[in-house]
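A quick write-up on the structure given underneath.
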Amino acid sequence: MAYSLLIIVTPFILFLVLGLLGMKMKPVIAGIIGTLGMAFCAILAYTVAYQYFFGIGKTNGEWLTQIPLNFEWLRFTENLHIDLGILLDPISVMMLVVITTVSLMVHIYSLGYMKGETGFQRYFAFLSLFSFSMLGLVIATNIFQMYIFWELVGVSSYSLIGFYYTKPSAVAASKKAFIVTRFADLGFLIGILILSYYTKTFDFGLLTADHAGLVTTSMAGGTFMGLSIATWAMALIFMGGAGKSAMFPLHIWLPDAMEGPTPVSALIHAATMVVAGVYLVARLFPVYSFAAPDVLEMIAFIGAFTALFAAVIAITQTDIKRVLAFSTISQIAYMLAALGVSGYGDHEGLGYMASMFHLFTHAFFKALLFLGAGSVIHAVHSNEMDHMGNLHKYMKITSWTFFIACLAIAGIWPFSGFFSKDEILAAAFHHNPIVFWTLWIVAGLTAFYMFRLYFRIFWNGKREYNEHHKPHESPWAMALPLIILAVFSVFSGLIPFADFISSDNIPFHTHIDWTVAGMSIAVAVIGIGIAFALYFKDSKQPAKIAQSLGIFYKAALHKFYLDEIWMWVTKTVIFRYICEPIKWFDRHIIDGSMDGLAWTTQKVSTSIKGLQSGQVQFYAWVFVAGSILIAVLVLFI
């Protein structure tokens, strides 16, 4: 399967070609080249998936890891070295399919959505760089290779979020995303260094083999501040994942990332960047499960809280992309919570399987939601729900596909989200009641805010539009990806996912727990019913309810002032009490020491420069005087 290398190399070549030569091409040519290249990657990814899952991937009832390519890049010691290679196992192959599929849909959609935009060629170059970075991340054979591509994902997302670089808000959003995730990635790097220091390896195969026996043995007995070294290492590694996946309190960058083009939002927030943290925990799951189970429990509670926190905020937002942004935070938190309540092996690993299953289904219906939102914005030239309504008359395809995505994310049977979300709730139900009830409430809130969004966009009132600016359905370049993703959103949940992906790579069979499923459907239907009653028709009732909630509604509307708190912490605490003393020390001690050395050197040089005057008489005098002095010393001492 060495041809799988082409999946990674192709988008990199596209980036170089479009980045260096794109401006010499017509925009449409650059877009077509980028799209055809990604179509080629998608075909290869599906070929790899077919060959792996229905061919060479399984032996004796167990999914095996295939490494078609691996070579040493940097060597530190006999055992510790950084390799670059390709690792194919169930979750990496699944991610290849997800990333290339969503990226291809975004490329096709962008041909219509970005038409006429300044920087069209640059946009497709950055899309290719992002795809290369994310694909390289998921096939990494070792944790340091993953870190390299992890940082490349950050660079390319910074470029895409700040695509409209003439807008101050876009520049600020891109810097915010970059800085917040860099702060988190510092923890990730420190965790990697601690882990590799004790285990003497970066290799995923060695780290996860034999129930993470190498990690457990090498870190046994070591403690710091009452916690084991393994706990510290894995908690710091998760810090990087929490930053990329926008978990509380590192979530603040993601809503502002909506400043980028809407197709970028679909790519970053659906299947790629934000699930990197989930994929990281899944990749190192044996280590978390056996060497640091307390960190896994922490992940479960962080996930459950973040899911609830983001869902509450999503209810109050009026910008349609920000509603979807907080929805993404909530759904990613669902996946992490599922990993946190999972055990290892057979049905104990239900949470692991459910997390990967929800990652798979969520990629399609969330990409559909973002691209549907882009279609609406393209038609009405606004992100605000107050400027929308009654659009079902003008945008039939967008309306129906958006409706399908809302049913999927709400967990309504038989749409894809029902099957994956049900497995998450079932895993939580049997392992952690607090996490279960939190996620159950979130399921109801999700159904409510998504159908609040749907009704306010496509129904809600008697809004009429100006004849000269009447909304219209998007062109086929944009409509076709919506239809394809709608099909995925309906049918992807029917895949027997546990037959392909499990925590120990041994397939197992699952069934629907109708006690849990009945509860999740019931709370979703209640949420949809309340949204229908409040928003299907124009009504003053929502405003009255918001007013009655008083300060709580205002706090949720302002995202519980987390941005303001972070700004206060940054400016008052970090800048004033940390950066200012460091600045003083640097300017007065470090710079002062260097300036003092320079001043001393200059003075000494000035005082002795006469010794090199170039006058032969002076040199002769010094020679004679020195000779006499030496003779005196020899004779009398």
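Identifiers in the structure tokens: chain A, B, ... in order shown; residue index from 1 per chain; ligand index from 1 in order shown.
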Self-check item: Nearby residues (only C-alpha atoms) at most 9 Å from Glu384 in chain A, same-chain spacing under 6 positions excluded, as a list in words
Solution: Thr318, Asp319, Ile320, Lys321 and Ile377 of chain A
Restricting the output to N, CA, C and O atoms, write the selected residues as a short mmCIF file (atom, residue, chain, number, x, y, z; two decimals), in the first residue's frame.
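File written: result22.cif
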```cif
data_model
loop_
_atom_site.label_atom_id
_atom_site.label_comp_id
_atom_site.auth_asym_id
_atom_site.auth_seq_id
_atom_site.Cartn_x
_atom_site.Cartn_y
_atom_site.Cartn_z
N THR A 318 -27.21 34.92 17.60
CA THR A 318 -28.03 35.28 16.43
C THR A 318 -27.26 35.21 15.12
O THR A 318 -27.87 35.20 14.06
N ASP A 319 -25.94 35.19 15.18
CA ASP A 319 -25.11 34.99 13.99
C ASP A 319 -25.12 33.49 13.68
O ASP A 319 -24.71 32.68 14.50
N ILE A 320 -25.57 33.10 12.49
CA ILE A 320 -25.78 31.68 12.21
C ILE A 320 -24.47 30.89 12.25
O ILE A 320 -24.46 29.73 12.67
N LYS A 321 -23.36 31.49 11.86
CA LYS A 321 -22.09 30.78 11.90
C LYS A 321 -21.61 30.60 13.33
O LYS A 321 -20.96 29.59 13.66
N ILE A 377 -25.99 32.70 3.42
CA ILE A 377 -25.25 33.98 3.46
C ILE A 377 -25.02 34.49 2.04
O ILE A 377 -25.13 35.69 1.77
#
```
Quiz prompt | For Phe290 in chain A: contacts at 12 Å, only C-alpha atoms, fewer than 3 positions along chain excluded, given as a count of residues only | solution = 26
Tell me which protein, DNA and RNA residues are within 10 Å of Leu195 in chain A, counting only C-alpha atoms, leaving out same-chain ones fewer than 6 positions away, and put them as a short mmCIF file (atom, residue, chain, number, x, y, z; two decimals) with N, CA and C atoms, in the first residue's frame.
```cif
data_model
loop_
_atom_site.label_atom_id
_atom_site.label_comp_id
_atom_site.auth_asym_id
_atom_site.auth_seq_id
_atom_site.Cartn_x
_atom_site.Cartn_y
_atom_site.Cartn_z
N ILE A 143 4.69 10.18 17.70
CA ILE A 143 4.05 11.36 18.28
C ILE A 143 4.76 12.65 17.87
N LEU A 189 3.93 19.88 23.80
CA LEU A 189 5.36 19.63 23.59
C LEU A 189 6.05 19.17 24.87
N THR A 201 11.31 6.64 23.49
CA THR A 201 10.75 6.45 22.16
C THR A 201 9.65 7.45 21.88
N PHE A 202 9.45 7.73 20.60
CA PHE A 202 8.30 8.51 20.15
C PHE A 202 7.27 7.63 19.45
N LEU A 207 4.65 2.72 22.24
CA LEU A 207 3.97 3.38 23.36
C LEU A 207 2.67 2.69 23.73
N VAL A 215 5.15 2.39 28.91
CA VAL A 215 4.90 3.64 29.64
C VAL A 215 4.73 3.37 31.12
N SER A 218 8.21 2.23 32.67
CA SER A 218 9.27 3.24 32.69
C SER A 218 8.94 4.41 33.61
N MET A 219 7.65 4.66 33.85
CA MET A 219 7.27 5.79 34.69
C MET A 219 6.82 5.36 36.08
N ILE A 229 4.18 10.66 37.21
CA ILE A 229 4.79 11.27 36.03
C ILE A 229 3.94 10.99 34.79
N ALA A 230 3.39 9.77 34.72
CA ALA A 230 2.54 9.43 33.57
C ALA A 230 1.31 10.33 33.51
N TRP A 232 1.07 13.42 34.68
CA TRP A 232 1.49 14.74 34.22
C TRP A 232 1.73 14.76 32.71
N ALA A 233 2.43 13.75 32.22
CA ALA A 233 2.75 13.71 30.79
C ALA A 233 1.49 13.66 29.94
N MET A 234 0.56 12.78 30.31
CA MET A 234 -0.65 12.61 29.50
C MET A 234 -1.61 13.79 29.65
N ILE A 237 -0.15 16.44 27.38
CA ILE A 237 -0.44 16.10 25.98
C ILE A 237 -1.89 16.41 25.65
#
```
Quiz item: Leaving out range 443-455 of chain A and any residue of its chain fewer than 3 positions from it, which residues lie within 8 Å of it when counting only C-alpha atoms, given as a PyMOL selection string?
Solution: chain A and resi 311-312+314-315+320+323+327+385+389+402-403+406-407+409-411+439-440+458-460+520+523-532+535-536
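Of the residues listed (A:Phe326, A:Tyr113, A:Trp621, A:Trp73), A:Phe326 shows the shortest atom-to-atom separation from Ser245 in chain A; distances use only C-alpha atoms.
Note that CA of Leu562 in chain A and CA of Ile252 in chain A are 7.4 Å apart.
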With only C-alpha atoms counted and 10 Å as the cut-off, give the residues of range 222-268 of chain A in contact with range 273-276 of chain A, each with its shortest interatomic distance in Å and the pair that gives it, as JSON lines.
```
{"residue": "A:Gly240", "atom": "CA", "partner": "A:Ala276", "partner_atom": "CA", "distance": 9.4}
{"residue": "A:Gly241", "atom": "CA", "partner": "A:Ala276", "partner_atom": "CA", "distance": 6.7}
{"residue": "A:Ala242", "atom": "CA", "partner": "A:Val274", "partner_atom": "CA", "distance": 9.2}
{"residue": "A:Gly243", "atom": "CA", "partner": "A:Val274", "partner_atom": "CA", "distance": 8.8}
{"residue": "A:Lys244", "atom": "CA", "partner": "A:Val274", "partner_atom": "CA", "distance": 5.5}
{"residue": "A:Ser245", "atom": "CA", "partner": "A:Val274", "partner_atom": "CA", "distance": 4.2}
{"residue": "A:Ala246", "atom": "CA", "partner": "A:Val274", "partner_atom": "CA", "distance": 7.0}
{"residue": "A:Met247", "atom": "CA", "partner": "A:Val274", "partner_atom": "CA", "distance": 9.7}
{"residue": "A:Leu254", "atom": "CA", "partner": "A:Val274", "partner_atom": "CA", "distance": 8.9}
{"residue": "A:Leu267", "atom": "CA", "partner": "A:Met273", "partner_atom": "CA", "distance": 7.9}
{"residue": "A:Ile268", "atom": "CA", "partner": "A:Met273", "partner_atom": "CA", "distance": 5.0}
```
Exercise. Please return as a VMD selection string: the residues of range 29-234 of chain A that backbone DSSP assigns to helix (DSSP H, G or I).
Key: chain A and resid 29 to 56 90 to 113 120 to 138 143 to 161 168 to 199 204 to 218 229 to 234
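Nearest to Leu88 in chain A of all the residues A:Ala2, A:Ala333, A:Ala282, A:Ile32 is A:Ala2, counting only C-alpha atoms.
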Quiz item: Can you tell me how far CA of Ser4 in chain A sits from CA of Pro68 in chain A, in Å to one decimal?
Solution: 8.0 Å
Quiz item: For the atom pair CA of Val264 in chain A and CA of Tyr123 in chain A, what is the interatomic distance in Å to one decimal place?
Solution: 9.4 Å
Self-check item: Among listed residues A:Thr361, A:Thr306, A:Asn432, A:Ser92, nearest Ile495 in chain A (using only C-alpha atoms)
Solution: A:Thr361
Quiz prompt | Every residue of range 144-251 of chain A that DSSP places in strand (DSSP E or B), as an MDAnalysis selection string | solution = chainID A and resid 203 223:224 227:228
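With distances restricted to only C-alpha atoms, A:Phe301 is the closest residue to Ala337 in chain A from A:Tyr288, A:Tyr198, A:Phe301, A:Trp599.
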Practice problem: Pick out the residues sitting within 10 Å of Leu482 in chain A, and hand them over as a list in words; count only C-alpha atoms, and ignore anything fewer than 5 positions along from it in its own chain. | Solution: Met105, Val106, Tyr109, Phe364, Phe365, Ala367, Leu368, Leu369, Phe370, Leu371, Gly372, Ser375, Ile397, Thr398, Trp400, Thr401, Phe402, Ala405, Trp476, Ala477, Val487 and Phe488 of chain A
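Minimum atom-to-atom distance to Phe491 in chain A, evaluated using only C-alpha atoms, belongs to A:Ala408 out of A:Ile582, A:Val138, A:Ala522, A:Ala408.
With only C-alpha atoms taken into account, the protein and nucleic acid residues at most 7 Å from Phe144 in chain A (excluding it and anything under 3 positions from it in its own chain) are Ile82, Tyr147, Ile148 and Phe202 of chain A.
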